[in-house]
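Asker: What follows is final38.cif; its format and atoms are mmCIF, C-alpha atoms (C1' of nucleotides).
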data_data
loop_
_atom_site.group_PDB
_atom_site.id
_atom_site.type_symbol
_atom_site.label_atom_id
_atom_site.label_comp_id
_atom_site.auth_asym_id
_atom_site.auth_seq_id
_atom_site.Cartn_x
_atom_site.Cartn_y
_atom_site.Cartn_z
ATOM 1 C CA MET A 567 -43.664 -62.983 2.710
ATOM 2 C CA ILE A 568 -45.478 -65.164 0.254
ATOM 3 C CA ARG A 569 -48.882 -66.241 1.356
ATOM 4 C CA ARG A 570 -50.978 -69.103 0.115
ATOM 5 C CA THR A 571 -54.517 -68.094 -0.648
ATOM 6 C CA ARG A 572 -57.508 -70.024 -1.836
ATOM 7 C CA GLN A 573 -57.478 -68.063 -5.057
ATOM 8 C CA ARG A 574 -53.859 -68.759 -5.838
ATOM 9 C CA GLU A 575 -54.240 -72.446 -5.086
ATOM 10 C CA ALA A 576 -57.301 -72.641 -7.276
ATOM 11 C CA ILE A 577 -55.539 -70.967 -10.175
ATOM 12 C CA LEU A 578 -52.571 -73.289 -9.998
ATOM 13 C CA ALA A 579 -54.871 -76.277 -9.652
ATOM 14 C CA ALA A 580 -56.875 -75.230 -12.693
ATOM 15 C CA LEU A 581 -53.690 -74.824 -14.676
ATOM 16 C CA ARG A 582 -52.380 -78.202 -13.627
ATOM 17 C CA ALA A 583 -55.679 -79.926 -14.333
ATOM 18 C CA THR A 584 -55.732 -79.184 -18.040
ATOM 19 C CA ASP A 585 -53.468 -79.562 -21.012
ATOM 20 C CA SER A 586 -55.412 -77.073 -23.069
ATOM 21 C CA HIS A 587 -52.956 -74.212 -22.548
ATOM 22 C CA PRO A 588 -55.723 -71.982 -21.319
ATOM 23 C CA THR A 589 -56.104 -68.243 -21.449
ATOM 24 C CA ALA A 590 -56.553 -66.115 -18.355
ATOM 25 C CA ASP A 591 -60.175 -65.723 -19.217
ATOM 26 C CA TRP A 592 -60.757 -69.470 -19.431
ATOM 27 C CA ILE A 593 -59.210 -69.991 -16.026
ATOM 28 C CA TYR A 594 -61.329 -67.180 -14.668
ATOM 29 C CA ASP A 595 -64.480 -68.868 -15.927
ATOM 30 C CA GLN A 596 -63.478 -72.222 -14.493
ATOM 31 C CA ILE A 597 -62.758 -70.893 -11.062
ATOM 32 C CA ARG A 598 -65.801 -68.690 -10.908
ATOM 33 C CA ARG A 599 -67.950 -71.797 -10.895
ATOM 34 C CA VAL A 600 -66.725 -72.672 -7.444
ATOM 35 C CA MET A 601 -65.528 -69.267 -6.282
ATOM 36 C CA PRO A 602 -67.953 -66.787 -7.796
ATOM 37 C CA THR A 603 -66.382 -63.648 -6.401
ATOM 38 C CA ILE A 604 -62.894 -64.136 -7.770
ATOM 39 C CA SER A 605 -61.867 -61.313 -10.054
ATOM 40 C CA LEU A 606 -60.124 -61.392 -13.374
ATOM 41 C CA GLY A 607 -57.471 -59.082 -11.996
ATOM 42 C CA THR A 608 -56.601 -61.674 -9.392
ATOM 43 C CA VAL A 609 -56.297 -64.310 -12.069
ATOM 44 C CA TYR A 610 -53.906 -62.159 -14.054
ATOM 45 C CA ARG A 611 -51.902 -61.215 -10.980
ATOM 46 C CA ASN A 612 -51.512 -64.823 -9.935
ATOM 47 C CA LEU A 613 -50.705 -66.126 -13.372
ATOM 48 C CA ARG A 614 -47.913 -63.627 -13.566
ATOM 49 C CA PHE A 615 -46.800 -64.623 -10.106
ATOM 50 C CA LEU A 616 -46.801 -68.316 -10.978
ATOM 51 C CA CYS A 617 -44.774 -67.668 -14.087
ATOM 52 C CA GLU A 618 -42.275 -65.601 -12.165
ATOM 53 C CA CYS A 619 -41.693 -68.272 -9.567
ATOM 54 C CA GLY A 620 -41.374 -70.969 -12.211
ATOM 55 C CA LYS A 621 -44.582 -72.859 -11.616
ATOM 56 C CA ALA A 622 -46.081 -72.024 -14.993
ATOM 57 C CA GLN A 623 -45.066 -70.361 -18.192
ATOM 58 C CA GLU A 624 -46.518 -68.151 -20.845
ATOM 59 C CA ILE A 625 -46.666 -69.809 -24.208
ATOM 60 C CA ASP A 626 -46.990 -66.956 -26.596
ATOM 61 C CA MET A 627 -43.730 -65.304 -27.343
ATOM 62 C CA THR A 628 -45.397 -62.007 -27.008
ATOM 63 C CA GLY A 629 -43.681 -58.793 -26.344
ATOM 64 C CA ALA A 630 -45.652 -55.731 -25.465
ATOM 65 C CA HIS A 631 -46.100 -54.958 -29.154
ATOM 66 C CA THR A 632 -46.275 -56.978 -32.284
ATOM 67 C CA ARG A 633 -43.048 -56.773 -34.181
ATOM 68 C CA PHE A 634 -42.722 -56.986 -37.916
ATOM 69 C CA ASP A 635 -39.934 -58.278 -40.073
ATOM 70 C CA GLY A 636 -39.337 -57.040 -43.582
ATOM 71 C CA ASN A 637 -37.738 -60.371 -44.431
ATOM 72 C CA PRO A 638 -40.585 -62.710 -45.255
ATOM 73 C CA GLU A 639 -38.379 -65.795 -45.411
ATOM 74 C CA ASN A 640 -38.587 -68.052 -42.419
ATOM 75 C CA HIS A 641 -35.570 -67.544 -40.206
ATOM 76 C CA TYR A 642 -34.800 -67.721 -36.549
ATOM 77 C CA HIS A 643 -34.680 -64.897 -34.032
ATOM 78 C CA PHE A 644 -32.979 -64.039 -30.815
ATOM 79 C CA ARG A 645 -34.723 -61.813 -28.285
ATOM 80 C CA CYS A 646 -32.739 -60.141 -25.531
ATOM 81 C CA ASP A 647 -34.384 -60.542 -22.152
ATOM 82 C CA ASN A 648 -32.790 -57.336 -20.967
ATOM 83 C CA CYS A 649 -33.271 -54.759 -23.688
ATOM 84 C CA GLY A 650 -36.019 -56.516 -25.610
ATOM 85 C CA ARG A 651 -34.330 -56.121 -28.968
ATOM 86 C CA VAL A 652 -34.803 -58.816 -31.573
ATOM 87 C CA PHE A 653 -32.014 -60.016 -33.808
ATOM 88 C CA ASP A 654 -31.939 -62.358 -36.758
ATOM 89 C CA VAL A 655 -30.075 -65.574 -36.262
ATOM 90 C CA GLY A 656 -28.363 -66.804 -39.381
ATOM 91 C CA GLY A 657 -28.159 -70.386 -40.409
ATOM 92 C CA VAL A 658 -30.429 -72.760 -42.118
ATOM 93 C CA VAL A 659 -33.963 -73.505 -41.042
ATOM 94 C CA ASP A 660 -34.263 -77.191 -40.248
ATOM 95 C CA LYS A 661 -37.011 -78.404 -42.558
ATOM 96 C CA GLU A 662 -36.464 -82.017 -41.706
ATOM 97 C CA LEU A 663 -37.588 -81.251 -38.202
ATOM 98 C CA ASP A 664 -41.030 -80.444 -39.536
ATOM 99 C CA GLU A 665 -41.204 -83.726 -41.358
ATOM 100 C CA ARG A 666 -40.014 -85.733 -38.408
ATOM 101 C CA VAL A 667 -42.463 -84.174 -35.995
ATOM 102 C CA ALA A 668 -45.262 -84.493 -38.529
ATOM 103 C CA ARG A 669 -44.601 -88.226 -38.719
ATOM 104 C CA GLU A 670 -44.477 -88.549 -34.966
ATOM 105 C CA THR A 671 -47.579 -86.516 -34.197
ATOM 106 C CA GLY A 672 -49.841 -86.799 -37.211
ATOM 107 C CA PHE A 673 -50.089 -83.030 -37.451
ATOM 108 C CA GLN A 674 -49.727 -81.441 -40.850
ATOM 109 C CA ILE A 675 -46.852 -79.037 -40.328
ATOM 110 C CA SER A 676 -46.200 -76.126 -42.613
ATOM 111 C CA HIS A 677 -43.335 -74.521 -40.752
ATOM 112 C CA HIS A 678 -41.951 -73.745 -37.342
ATOM 113 C CA ARG A 679 -40.869 -70.604 -35.583
ATOM 114 C CA LEU A 680 -37.908 -70.594 -33.281
ATOM 115 C CA GLU A 681 -36.837 -67.907 -30.870
ATOM 116 C CA PHE A 682 -33.743 -67.926 -28.710
ATOM 117 C CA ARG A 683 -33.769 -65.998 -25.467
ATOM 118 C CA GLY A 684 -30.970 -64.656 -23.348
ATOM 119 C CA LEU A 685 -28.670 -61.630 -23.274
ATOM 120 C CA CYS A 686 -27.378 -59.856 -26.344
ATOM 121 C CA ARG A 687 -23.743 -58.852 -26.533
ATOM 122 C CA GLY A 688 -24.358 -55.310 -25.393
ATOM 123 C CA CYS A 689 -26.385 -56.313 -22.367
ATOM 124 C CA GLN A 690 -23.827 -58.875 -21.300
ATOM 125 C CA ARG A 691 -21.268 -56.103 -21.091
ATOM 126 C CA ALA A 692 -23.632 -53.722 -19.372
ATOM 127 C CA GLY A 693 -24.070 -56.416 -16.781
ATOM 128 C CA ASN A 694 -27.535 -55.763 -15.480
ATOM 129 C CA PRO A 695 -29.209 -59.060 -16.172
ATOM 130 C CA GLU A 696 -32.191 -58.196 -14.026
ATOM 131 C CA GLY A 697 -33.284 -54.820 -15.279
ATOM 132 C CA ARG A 698 -34.988 -54.175 -18.543
ATOM 133 C CA ALA A 699 -34.025 -51.230 -20.664
ATOM 134 C CA MET V 981 -57.544 -54.231 -57.592
ATOM 135 C CA ILE V 982 -54.437 -53.542 -55.633
ATOM 136 C CA ARG V 983 -53.233 -50.006 -55.779
ATOM 137 C CA ARG V 984 -49.865 -48.580 -54.924
ATOM 138 C CA THR V 985 -49.996 -45.586 -52.671
ATOM 139 C CA ARG V 986 -47.343 -43.339 -51.218
ATOM 140 C CA GLN V 987 -48.204 -44.576 -47.754
ATOM 141 C CA ARG V 988 -47.895 -48.229 -48.606
ATOM 142 C CA GLU V 989 -44.605 -47.705 -50.382
ATOM 143 C CA ALA V 990 -43.249 -45.749 -47.454
ATOM 144 C CA ILE V 991 -44.215 -48.437 -44.994
ATOM 145 C CA LEU V 992 -42.586 -51.185 -46.996
ATOM 146 C CA ALA V 993 -39.507 -49.032 -47.505
ATOM 147 C CA ALA V 994 -39.245 -48.330 -43.788
ATOM 148 C CA LEU V 995 -39.530 -52.019 -43.063
ATOM 149 C CA ARG V 996 -36.903 -52.927 -45.605
ATOM 150 C CA ALA V 997 -34.535 -50.218 -44.428
ATOM 151 C CA THR V 998 -34.080 -51.571 -40.929
ATOM 152 C CA ASP V 999 -33.177 -54.825 -39.307
ATOM 153 C CA SER V 1000 -34.572 -53.762 -35.950
ATOM 154 C CA HIS V 1001 -37.797 -55.736 -36.277
ATOM 155 C CA PRO V 1002 -39.822 -52.634 -35.599
ATOM 156 C CA THR V 1003 -43.232 -52.208 -34.066
ATOM 157 C CA ALA V 1004 -46.084 -50.509 -35.865
ATOM 158 C CA ASP V 1005 -45.586 -47.505 -33.679
ATOM 159 C CA TRP V 1006 -41.916 -47.198 -34.575
ATOM 160 C CA ILE V 1007 -42.724 -47.297 -38.269
ATOM 161 C CA TYR V 1008 -45.430 -44.729 -37.736
ATOM 162 C CA ASP V 1009 -42.948 -42.375 -36.082
ATOM 163 C CA GLN V 1010 -40.403 -42.846 -38.841
ATOM 164 C CA ILE V 1011 -42.827 -42.119 -41.630
ATOM 165 C CA ARG V 1012 -44.445 -39.205 -39.882
ATOM 166 C CA ARG V 1013 -41.178 -37.322 -40.213
ATOM 167 C CA VAL V 1014 -41.620 -37.131 -43.954
ATOM 168 C CA MET V 1015 -45.357 -37.655 -44.220
ATOM 169 C CA PRO V 1016 -46.807 -35.952 -41.165
ATOM 170 C CA THR V 1017 -50.440 -36.759 -41.820
ATOM 171 C CA ILE V 1018 -50.120 -40.515 -42.071
ATOM 172 C CA SER V 1019 -52.243 -42.255 -39.496
ATOM 173 C CA LEU V 1020 -51.453 -45.176 -37.260
ATOM 174 C CA GLY V 1021 -54.462 -46.995 -38.599
ATOM 175 C CA THR V 1022 -52.985 -46.849 -42.064
ATOM 176 C CA VAL V 1023 -49.734 -48.269 -40.768
ATOM 177 C CA TYR V 1024 -51.537 -51.184 -39.162
ATOM 178 C CA ARG V 1025 -53.696 -51.784 -42.212
ATOM 179 C CA ASN V 1026 -50.719 -51.859 -44.504
ATOM 180 C CA LEU V 1027 -48.564 -53.976 -42.258
ATOM 181 C CA ARG V 1028 -51.288 -56.527 -42.211
ATOM 182 C CA PHE V 1029 -51.621 -56.247 -45.953
ATOM 183 C CA LEU V 1030 -47.890 -56.717 -46.474
ATOM 184 C CA CYS V 1031 -47.883 -59.767 -44.258
ATOM 185 C CA GLU V 1032 -50.815 -61.242 -46.115
ATOM 186 C CA CYS V 1033 -49.195 -60.870 -49.497
ATOM 187 C CA GLY V 1034 -45.929 -62.292 -48.238
ATOM 188 C CA LYS V 1035 -43.786 -59.181 -48.258
ATOM 189 C CA ALA V 1036 -43.306 -59.081 -44.490
ATOM 190 C CA GLN V 1037 -44.057 -61.189 -41.507
ATOM 191 C CA GLU V 1038 -45.082 -60.805 -37.915
ATOM 192 C CA ILE V 1039 -42.489 -62.030 -35.519
ATOM 193 C CA ASP V 1040 -44.352 -62.553 -32.322
ATOM 194 C CA MET V 1041 -46.193 -65.802 -32.199
ATOM 195 C CA THR V 1042 -49.118 -64.066 -30.706
ATOM 196 C CA GLY V 1043 -52.607 -65.362 -30.661
ATOM 197 C CA ALA V 1044 -55.434 -63.149 -29.606
ATOM 198 C CA HIS V 1045 -54.831 -63.991 -25.969
ATOM 199 C CA THR V 1046 -51.846 -64.954 -23.957
ATOM 200 C CA ARG V 1047 -51.892 -68.639 -23.206
ATOM 201 C CA PHE V 1048 -50.441 -70.243 -20.134
ATOM 202 C CA ASP V 1049 -48.948 -73.648 -19.581
ATOM 203 C CA GLY V 1050 -48.966 -75.372 -16.221
ATOM 204 C CA ASN V 1051 -45.878 -77.314 -17.241
ATOM 205 C CA PRO V 1052 -42.948 -75.026 -16.495
ATOM 206 C CA GLU V 1053 -40.418 -77.282 -18.203
ATOM 207 C CA ASN V 1054 -39.287 -76.113 -21.581
ATOM 208 C CA HIS V 1055 -41.017 -78.105 -24.284
ATOM 209 C CA TYR V 1056 -42.187 -77.515 -27.802
ATOM 210 C CA HIS V 1057 -45.667 -76.621 -28.982
ATOM 211 C CA PHE V 1058 -47.796 -77.038 -32.029
ATOM 212 C CA ARG V 1059 -50.454 -74.468 -32.850
ATOM 213 C CA CYS V 1060 -53.230 -75.284 -35.265
ATOM 214 C CA ASP V 1061 -53.731 -72.542 -37.826
ATOM 215 C CA ASN V 1062 -57.361 -73.526 -38.203
ATOM 216 C CA CYS V 1063 -58.774 -74.002 -34.731
ATOM 217 C CA GLY V 1064 -56.088 -72.164 -32.801
ATOM 218 C CA ARG V 1065 -55.586 -74.928 -30.277
ATOM 219 C CA VAL V 1066 -52.144 -75.469 -28.828
ATOM 220 C CA PHE V 1067 -50.694 -78.913 -28.248
ATOM 221 C CA ASP V 1068 -47.545 -80.089 -26.555
ATOM 222 C CA VAL V 1069 -45.014 -81.747 -28.769
ATOM 223 C CA GLY V 1070 -43.102 -84.497 -27.064
ATOM 224 C CA GLY V 1071 -39.469 -85.194 -27.558
ATOM 225 C CA VAL V 1072 -36.318 -83.763 -26.231
ATOM 226 C CA VAL V 1073 -35.434 -80.106 -26.276
ATOM 227 C CA ASP V 1074 -32.241 -79.622 -28.219
ATOM 228 C CA LYS V 1075 -29.920 -77.941 -25.726
ATOM 229 C CA GLU V 1076 -26.905 -78.233 -27.949
ATOM 230 C CA LEU V 1077 -28.606 -75.888 -30.364
ATOM 231 C CA ASP V 1078 -28.400 -73.155 -27.761
ATOM 232 C CA GLU V 1079 -24.706 -73.748 -27.292
ATOM 233 C CA ARG V 1080 -23.986 -73.819 -30.973
ATOM 234 C CA VAL V 1081 -25.866 -70.617 -31.696
ATOM 235 C CA ALA V 1082 -24.309 -68.965 -28.669
ATOM 236 C CA ARG V 1083 -20.862 -69.735 -30.050
ATOM 237 C CA GLU V 1084 -21.800 -68.472 -33.472
ATOM 238 C CA THR V 1085 -23.464 -65.267 -32.360
ATOM 239 C CA GLY V 1086 -21.880 -64.264 -29.098
ATOM 240 C CA PHE V 1087 -25.271 -64.039 -27.445
ATOM 241 C CA GLN V 1088 -25.710 -65.589 -24.042
ATOM 242 C CA ILE V 1089 -28.558 -68.007 -24.611
ATOM 243 C CA SER V 1090 -30.640 -69.364 -21.785
ATOM 244 C CA HIS V 1091 -33.167 -71.312 -23.806
ATOM 245 C CA HIS V 1092 -35.210 -71.313 -26.962
ATOM 246 C CA ARG V 1093 -38.897 -71.588 -27.718
ATOM 247 C CA LEU V 1094 -40.116 -73.500 -30.690
ATOM 248 C CA GLU V 1095 -43.586 -73.559 -32.144
ATOM 249 C CA PHE V 1096 -44.766 -75.667 -35.050
ATOM 250 C CA ARG V 1097 -47.645 -74.438 -37.159
ATOM 251 C CA GLY V 1098 -50.046 -76.269 -39.404
ATOM 252 C CA LEU V 1099 -53.214 -78.306 -39.098
ATOM 253 C CA CYS V 1100 -54.045 -80.563 -36.204
ATOM 254 C CA ARG V 1101 -55.465 -84.017 -36.828
ATOM 255 C CA GLY V 1102 -59.051 -82.944 -36.315
ATOM 256 C CA CYS V 1103 -58.830 -79.995 -38.680
ATOM 257 C CA GLN V 1104 -57.192 -82.066 -41.384
ATOM 258 C CA ARG V 1105 -60.237 -84.310 -41.362
ATOM 259 C CA ALA V 1106 -62.645 -81.406 -41.225
ATOM 260 C CA GLY V 1107 -60.946 -80.179 -44.332
ATOM 261 C CA ASN V 1108 -61.398 -76.446 -44.133
ATOM 262 C CA PRO V 1109 -57.830 -75.256 -44.147
ATOM 263 C CA GLU V 1110 -58.892 -71.697 -44.819
ATOM 264 C CA GLY V 1111 -61.487 -71.008 -42.193
ATOM 265 C CA ARG V 1112 -60.763 -70.540 -38.566
ATOM 266 C CA ALA V 1113 -62.993 -72.085 -35.951
ATOM 267 C "C1'" DT D 835 -50.824 -57.254 14.182
ATOM 268 C "C1'" DT D 836 -49.621 -56.457 9.551
ATOM 269 C "C1'" DA D 837 -47.848 -57.124 5.134
ATOM 270 C "C1'" DG D 838 -49.487 -59.438 1.269
ATOM 271 C "C1'" DG D 839 -53.616 -60.493 -1.363
ATOM 272 C "C1'" DT D 840 -58.325 -59.722 -3.153
ATOM 273 C "C1'" DG D 841 -62.304 -57.423 -5.509
ATOM 274 C "C1'" DC D 842 -63.848 -53.921 -8.024
ATOM 275 C "C1'" DA D 843 -63.660 -50.597 -11.381
ATOM 276 C "C1'" DA D 844 -61.151 -47.505 -13.947
ATOM 277 C "C1'" DA D 845 -57.207 -46.902 -16.695
ATOM 278 C "C1'" DA D 846 -53.852 -48.173 -19.963
ATOM 279 C "C1'" DC D 847 -52.547 -50.301 -24.010
ATOM 280 C "C1'" DC D 848 -52.349 -51.898 -28.570
ATOM 281 C "C1'" DT D 849 -55.067 -52.798 -32.538
ATOM 282 C "C1'" DT D 850 -59.150 -52.666 -35.369
ATOM 283 C "C1'" DT D 851 -62.992 -50.414 -37.544
ATOM 284 C "C1'" DG D 852 -66.612 -47.104 -39.395
ATOM 285 C "C1'" DC D 853 -67.166 -43.334 -42.080
ATOM 286 C "C1'" DC D 854 -66.319 -40.061 -45.301
ATOM 287 C "C1'" DA D 855 -62.868 -37.759 -48.109
ATOM 288 C "C1'" DT D 856 -59.239 -38.642 -51.286
ATOM 289 C "C1'" DC D 857 -56.507 -40.718 -54.695
ATOM 290 C "C1'" DC D 858 -54.990 -44.142 -58.082
ATOM 291 C "C1'" DC D 859 -55.986 -46.686 -62.324
ATOM 292 C "C1'" DG R 114 -65.704 -42.526 -62.602
ATOM 293 C "C1'" DG R 115 -65.428 -45.697 -59.246
ATOM 294 C "C1'" DG R 116 -63.512 -48.626 -56.243
ATOM 295 C "C1'" DA R 117 -59.449 -49.007 -53.320
ATOM 296 C "C1'" DT R 118 -57.080 -46.309 -49.574
ATOM 297 C "C1'" DG R 119 -56.211 -42.930 -46.227
ATOM 298 C "C1'" DG R 120 -57.220 -39.940 -42.128
ATOM 299 C "C1'" DC R 121 -59.451 -39.444 -38.050
ATOM 300 C "C1'" DA R 122 -61.562 -40.786 -34.085
ATOM 301 C "C1'" DA R 123 -64.146 -43.929 -31.680
ATOM 302 C "C1'" DA R 124 -64.644 -48.642 -30.435
ATOM 303 C "C1'" DG R 125 -62.810 -53.120 -29.024
ATOM 304 C "C1'" DG R 126 -60.458 -56.395 -26.356
ATOM 305 C "C1'" DT R 127 -56.933 -57.765 -23.221
ATOM 306 C "C1'" DT R 128 -54.126 -56.759 -19.366
ATOM 307 C "C1'" DT R 129 -52.698 -53.741 -15.621
ATOM 308 C "C1'" DT R 130 -53.395 -50.848 -11.644
ATOM 309 C "C1'" DG R 131 -55.134 -47.864 -7.669
ATOM 310 C "C1'" DC R 132 -57.442 -48.278 -3.612
ATOM 311 C "C1'" DA R 133 -59.975 -49.819 0.273
ATOM 312 C "C1'" DC R 134 -60.977 -53.939 2.556
ATOM 313 C "C1'" DC R 135 -59.686 -58.512 3.988
ATOM 314 C "C1'" DT R 136 -57.003 -62.428 5.729
ATOM 315 C "C1'" DA R 137 -53.302 -65.702 6.336
ATOM 316 C "C1'" DA R 138 -49.373 -66.187 9.212
#
Mind turning the file's structure into structure tokens?
Answerer:
Amino acid sequence: MIRRTRQREAILAALRATDSHPTADWIYDQIRRVMPTISLGTVYRNLRFLCECGKAQEIDMTGAHTRFDGNPENHYHFRCDNCGRVFDVGGVVDKELDERVARETGFQISHHRLEFRGLCRGCQRAGNPEGRA
Amino acid sequence: MIRRTRQREAILAALRATDSHPTADWIYDQIRRVMPTISLGTVYRNLRFLCECGKAQEIDMTGAHTRFDGNPENHYHFRCDNCGRVFDVGGVVDKELDERVARETGFQISHHRLEFRGLCRGCQRAGNPEGRA
DNA sequence: TTAGGTGCAAAACCTTTGCCATCCC
DNA sequence: GGGATGGCAAAGGTTTTGCACCTAA
């Protein structure tokens, strides 16, 4: 049964109170000011928990390892949530999107990276959407 | 002066010979079969080198740390190449893109993540596009 | 009462780095 | 020859985990 603890509440509150997309370490520092004995392990455990139950999300599209692509041209990728494999997605990179968002935001945009997530053809057939190969 | 070495050639060849978006470790294993004394450090050094001179690219949009977002709704981000800060980008997530790519590829797509890169407003003014705060 | 959660510290993990030997130009 | 690279191993930094204690329900 899921229990609400002071630590978990504090972590979610810290996350909700900022738009700085903080790291685990930043949250740890924030909370330690008012709860000096909290541990970094608890922060990591709860961040993972909050992501799993849909109350937060990780931003970096990080797998366990860095992956490299011998094709240096910008192109889009698809990553299978089940087996972790990464595939190229054909089609044209939308350069106008960069220009539009640059106008809207004032950021100087050099490019964008786009990653689709879901199940690859093989894992759809295998039909174990929960596991991870 | 840049020198061509057997190791560097082998790493680029391995990268070009696959579309599996390999990890450094995978490349290391491949090359060790024909060049048993190559070291993992060399693989990392050369992968970084190849990315820097535009012959390969890293796929994961990984910063040094994982960043978390208290907003669990899918939305787009902008990451400043200079200061590393991450900003939300407003606007609507293009759900039709998922459907279109799903039709084209046969993948089952649940969502996509999109990250713009460039210089934020503050770093444009500061005018040091090379450094990193 | 008791299963879930915490704190602490060690482990695990990937990646980088220092140093000296080696190799390419 | 001499500087760029490689091999090796140790260091570095982040994240995870084992375990004993604690605590919310």
Asker: Report as a list in words the set of chain A residues whose atoms approach chain D to within 8 Å, with distances computed over only C-alpha atoms (C1' of nucleotides).
Answerer: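 Per the criterion, chain A yields Met567, Ile568, Arg569, Thr571, Thr603, Ile604, Ser605, Thr608 and His631 of chain A.
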Asker: CA of Gln573 in chain A to C1' of DG126 in chain R: how many Å, to one decimal?
Answerer: 24.5 Å
Asker: May I ask you to extract the residues of chain A within 8 Å of chain V, using all atoms listed in the file, and to give them as number ranges by chain?
Answerer: A: 578, 581-582, 584-590, 613, 617, 620-629, 631-638, 651-653, 655, 664, 671-687, 690
Asker: Quick check, in Å to one decimal: how far apart do CA of Gly1021 in chain V and C1' of DG116 in chain R lie?
Answerer: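 Computing the Euclidean distance for CA of Gly1021 in chain V and C1' of DG116 in chain R yields 19.9 Å.
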Asker: Name the residues that the PyMOL selection byres ((chain R) within 10 of (chain V)) picks from the file above, as a list of chain:residue names, using the file's chain letters and numbers.
Answerer: R:DG116, R:DA117, R:DT118, R:DG119, R:DG120, R:DC121, R:DG126, R:DT127, R:DT128
Asker: Axis-aligned box over every listed atom of range 1046-1058 of chain V, padded by 5 Å per side: centre and edges in Å to one decimal, as JSON?
Answerer:
{"center_x": -45.6, "center_y": -71.5, "center_z": -24.1, "size_x": 22.6, "size_y": 23.2, "size_z": 25.8}
Asker: Quick one, how far is C1' of DA138 in chain R from CA of Arg599 in chain A?
Answerer: 27.9 Å
